[in-house]
Amino acid sequence: MADEDSLFSRFRLWINEGVGKWITIVVVLALLVVAVWAGVRTLTRKGTPAARRAARRGLTRPYVCKACGATGTMLVPLGGTWPRECPKCHKKEAVEGMRCPKCGAIVERKPPGQTVRCPQCGYTWRVPAPPPGAFEPKLD
Ligand SMILES: [Zn+2]
Ligand SMILES: [Zn+2]
């Protein structure tokens, strides 16, 4: 125990004078800078860079074209409205779709709570309410 005490007091003497003092200051400052940098990084980071880029560009949504009957997915920009231009017939008749939970076929989107029947497999399901805060393009 006596040895540890003297080691500790020698260390205290060392950090209180000369080179030791400066090394201690530099190490403490470096740790502070790293802590602040890590904190700022955590605060400014939301998701992966790819996810953030995708969120800025919009979201890939299923669509159903009322004019030609085409179904597929298209990129809808943030705040985008329906109907949109159909990629197949280029008429502005593409409405938002949703996927059949059973076979994955894209059917026209119905309001939450409504029962939908899949024209492909005949499965019927009730449209779930979107989770709070979910990105939903306006349907006007
Ligand atoms: Zn079309
Ligand atoms: Zn289906």
# chains A, B, ... in the order shown; residues from 1 in each chain; ligands from 1
>>> select_by_dssp(residues="chain A", states="strand (DSSP E or B)", output="NGL selection string")
:A and (59-65 or 71-76 or 81 or 84 or 94-99 or 106-108 or 115-117 or 124-126 or 138)
>>> residues_around(residues="Thr60 (chain A)", least_positions_apart="5", cutoff="10 Å", atoms="only C-alpha atoms", output="list in words")
Ala54, Ala55, Gly72, Thr73, Met74, Leu75, Val76 and Pro77 of chain A
>>> residues_near_ligand(ligand="ligand 2", cutoff="6 Å", atoms="only C-alpha atoms and all ligand atoms", output="count of residues only")
9
>>> closest_residue(among="A:Ala50, A:Leu31, A:Ala94, A:Ile15", to="ligand 1", atoms="only C-alpha atoms and all ligand atoms")
A:Ala94
>>> closest_atom_pairs(of="chain A", to="ligand 1", cutoff="12 Å", atoms="only C-alpha atoms and all ligand atoms", output="tab-separated table")
residue	atom	partner	partner_atom_place_in_ligand_line	distance
A:Tyr63	CA	ligand 1	1 (Zn)	9.9
A:Val64	CA	ligand 1	1 (Zn)	7.9
A:Cys65	CA	ligand 1	1 (Zn)	4.6
A:Lys66	CA	ligand 1	1 (Zn)	6.6
A:Ala67	CA	ligand 1	1 (Zn)	5.0
A:Cys68	CA	ligand 1	1 (Zn)	4.1
A:Gly69	CA	ligand 1	1 (Zn)	6.0
A:Ala70	CA	ligand 1	1 (Zn)	5.5
A:Thr71	CA	ligand 1	1 (Zn)	8.3
A:Gly72	CA	ligand 1	1 (Zn)	10.4
A:Pro83	CA	ligand 1	1 (Zn)	10.9
A:Arg84	CA	ligand 1	1 (Zn)	9.8
A:Glu85	CA	ligand 1	1 (Zn)	7.7
A:Cys86	CA	ligand 1	1 (Zn)	4.5
A:Pro87	CA	ligand 1	1 (Zn)	6.6
A:Lys88	CA	ligand 1	1 (Zn)	5.0
A:Cys89	CA	ligand 1	1 (Zn)	4.1
A:His90	CA	ligand 1	1 (Zn)	6.0
A:Lys91	CA	ligand 1	1 (Zn)	5.9
A:Lys92	CA	ligand 1	1 (Zn)	7.8
A:Glu93	CA	ligand 1	1 (Zn)	6.5
A:Ala94	CA	ligand 1	1 (Zn)	6.4
A:Val95	CA	ligand 1	1 (Zn)	9.9
>>> write_last_selection(atoms="N, CA and C atoms", output="PDB file, in the first residue's frame")
ATOM      1  N   TYR A  63     -48.029   1.978 -57.720  1.00  0.00           N
ATOM      2  CA  TYR A  63     -49.084   2.748 -58.389  1.00  0.00           C
ATOM      3  C   TYR A  63     -49.946   1.825 -59.247  1.00  0.00           C
ATOM      4  N   VAL A  64     -51.138   2.307 -59.545  1.00  0.00           N
ATOM      5  CA  VAL A  64     -52.045   1.635 -60.467  1.00  0.00           C
ATOM      6  C   VAL A  64     -52.513   2.695 -61.446  1.00  0.00           C
ATOM      7  N   CYS A  65     -52.377   2.429 -62.765  1.00  0.00           N
ATOM      8  CA  CYS A  65     -52.825   3.400 -63.757  1.00  0.00           C
ATOM      9  C   CYS A  65     -54.285   3.120 -64.096  1.00  0.00           C
ATOM     10  N   LYS A  66     -55.117   4.155 -63.933  1.00  0.00           N
ATOM     11  CA  LYS A  66     -56.552   4.004 -64.204  1.00  0.00           C
ATOM     12  C   LYS A  66     -56.822   3.990 -65.708  1.00  0.00           C
ATOM     13  N   ALA A  67     -55.862   4.525 -66.497  1.00  0.00           N
ATOM     14  CA  ALA A  67     -56.083   4.619 -67.944  1.00  0.00           C
ATOM     15  C   ALA A  67     -55.707   3.326 -68.649  1.00  0.00           C
ATOM     16  N   CYS A  68     -54.492   2.795 -68.389  1.00  0.00           N
ATOM     17  CA  CYS A  68     -54.037   1.625 -69.137  1.00  0.00           C
ATOM     18  C   CYS A  68     -53.945   0.364 -68.265  1.00  0.00           C
ATOM     19  N   GLY A  69     -54.151   0.520 -66.962  1.00  0.00           N
ATOM     20  CA  GLY A  69     -54.147  -0.644 -66.087  1.00  0.00           C
ATOM     21  C   GLY A  69     -52.766  -1.097 -65.653  1.00  0.00           C
ATOM     22  N   ALA A  70     -51.726  -0.325 -66.010  1.00  0.00           N
ATOM     23  CA  ALA A  70     -50.368  -0.703 -65.628  1.00  0.00           C
ATOM     24  C   ALA A  70     -50.208  -0.614 -64.104  1.00  0.00           C
ATOM     25  N   THR A  71     -49.393  -1.513 -63.549  1.00  0.00           N
ATOM     26  CA  THR A  71     -49.055  -1.436 -62.131  1.00  0.00           C
ATOM     27  C   THR A  71     -47.545  -1.519 -62.003  1.00  0.00           C
ATOM     28  N   GLY A  72     -47.027  -0.956 -60.957  1.00  0.00           N
ATOM     29  CA  GLY A  72     -45.586  -0.992 -60.720  1.00  0.00           C
ATOM     30  C   GLY A  72     -45.244  -0.046 -59.592  1.00  0.00           C
ATOM     31  N   PRO A  83     -53.375  12.013 -58.794  1.00  0.00           N
ATOM     32  CA  PRO A  83     -52.693  11.060 -59.680  1.00  0.00           C
ATOM     33  C   PRO A  83     -51.420  11.640 -60.283  1.00  0.00           C
ATOM     34  N   ARG A  84     -50.536  10.719 -60.688  1.00  0.00           N
ATOM     35  CA  ARG A  84     -49.274  11.113 -61.302  1.00  0.00           C
ATOM     36  C   ARG A  84     -49.216  10.557 -62.733  1.00  0.00           C
ATOM     37  N   GLU A  85     -48.203  11.021 -63.468  1.00  0.00           N
ATOM     38  CA  GLU A  85     -48.070  10.556 -64.848  1.00  0.00           C
ATOM     39  C   GLU A  85     -47.686   9.082 -64.863  1.00  0.00           C
ATOM     40  N   CYS A  86     -48.435   8.314 -65.646  1.00  0.00           N
ATOM     41  CA  CYS A  86     -48.176   6.882 -65.760  1.00  0.00           C
ATOM     42  C   CYS A  86     -46.904   6.677 -66.591  1.00  0.00           C
ATOM     43  N   PRO A  87     -45.953   5.865 -66.100  1.00  0.00           N
ATOM     44  CA  PRO A  87     -44.711   5.654 -66.875  1.00  0.00           C
ATOM     45  C   PRO A  87     -44.955   4.883 -68.169  1.00  0.00           C
ATOM     46  N   LYS A  88     -46.106   4.197 -68.271  1.00  0.00           N
ATOM     47  CA  LYS A  88     -46.384   3.384 -69.465  1.00  0.00           C
ATOM     48  C   LYS A  88     -47.106   4.200 -70.538  1.00  0.00           C
ATOM     49  N   CYS A  89     -48.261   4.805 -70.184  1.00  0.00           N
ATOM     50  CA  CYS A  89     -49.058   5.500 -71.207  1.00  0.00           C
ATOM     51  C   CYS A  89     -48.914   7.027 -71.108  1.00  0.00           C
ATOM     52  N   HIS A  90     -48.200   7.503 -70.090  1.00  0.00           N
ATOM     53  CA  HIS A  90     -47.906   8.924 -69.889  1.00  0.00           C
ATOM     54  C   HIS A  90     -49.143   9.795 -69.691  1.00  0.00           C
ATOM     55  N   LYS A  91     -50.283   9.170 -69.358  1.00  0.00           N
ATOM     56  CA  LYS A  91     -51.454   9.954 -68.959  1.00  0.00           C
ATOM     57  C   LYS A  91     -51.361  10.182 -67.456  1.00  0.00           C
ATOM     58  N   LYS A  92     -51.912  11.279 -67.005  1.00  0.00           N
ATOM     59  CA  LYS A  92     -51.833  11.591 -65.567  1.00  0.00           C
ATOM     60  C   LYS A  92     -52.966  10.879 -64.843  1.00  0.00           C
ATOM     61  N   GLU A  93     -52.913   9.532 -64.923  1.00  0.00           N
ATOM     62  CA  GLU A  93     -54.011   8.734 -64.366  1.00  0.00           C
ATOM     63  C   GLU A  93     -53.505   7.685 -63.371  1.00  0.00           C
ATOM     64  N   ALA A  94     -52.247   7.762 -63.017  1.00  0.00           N
ATOM     65  CA  ALA A  94     -51.697   6.775 -62.081  1.00  0.00           C
ATOM     66  C   ALA A  94     -52.049   7.185 -60.654  1.00  0.00           C
ATOM     67  N   VAL A  95     -52.728   6.294 -59.958  1.00  0.00           N
ATOM     68  CA  VAL A  95     -53.099   6.568 -58.570  1.00  0.00           C
ATOM     69  C   VAL A  95     -52.261   5.682 -57.652  1.00  0.00           C
TER      70      VAL A  95
END
>>> atom_distance(atom1="CA of Trp22 (chain A)", atom2="CA of Val40 (chain A)")
26.9 Å
>>> residues_around(residues="region 107-117 of chain A", least_positions_apart="4", cutoff="6 Å", atoms="only C-alpha atoms", output="compact mmCIF listing (two decimals) with N, CA and C atoms, in the first residue's frame")
# COMPACT_ATOMS: atom_id res chain seq x y z
N VAL A 64 -51.14 2.31 -59.55
CA VAL A 64 -52.05 1.63 -60.47
C VAL A 64 -52.51 2.69 -61.45
N GLU A 96 -52.21 6.07 -56.39
CA GLU A 96 -51.37 5.32 -55.45
C GLU A 96 -51.93 3.92 -55.24
N GLY A 97 -51.03 2.97 -55.23
CA GLY A 97 -51.42 1.59 -55.01
C GLY A 97 -50.89 1.05 -53.70
N MET A 98 -51.26 -0.18 -53.42
CA MET A 98 -50.70 -0.88 -52.26
C MET A 98 -50.61 -2.35 -52.62
N GLY A 122 -57.77 -13.07 -54.79
CA GLY A 122 -59.05 -13.12 -54.10
C GLY A 122 -58.97 -12.88 -52.60
N TYR A 123 -57.79 -12.64 -52.10
CA TYR A 123 -57.61 -12.40 -50.66
C TYR A 123 -58.23 -11.06 -50.28
N THR A 124 -58.97 -11.02 -49.18
CA THR A 124 -59.54 -9.75 -48.71
C THR A 124 -58.86 -9.36 -47.40
N TRP A 125 -58.59 -8.06 -47.27
CA TRP A 125 -57.97 -7.57 -46.04
C TRP A 125 -58.43 -6.15 -45.78
N ARG A 126 -58.25 -5.74 -44.55
CA ARG A 126 -58.65 -4.40 -44.14
C ARG A 126 -57.42 -3.49 -44.19
N VAL A 127 -57.53 -2.32 -44.79
CA VAL A 127 -56.39 -1.41 -44.94
C VAL A 127 -55.99 -0.90 -43.56
N PRO A 128 -54.75 -1.14 -43.14
CA PRO A 128 -54.33 -0.66 -41.82
C PRO A 128 -54.10 0.85 -41.81
N ALA A 129 -54.30 1.46 -40.66
CA ALA A 129 -54.00 2.88 -40.51
C ALA A 129 -52.50 3.09 -40.58
>>> atom_distance(atom1="CA of Val36 (chain A)", atom2="CA of Ile23 (chain A)")
20.0 Å
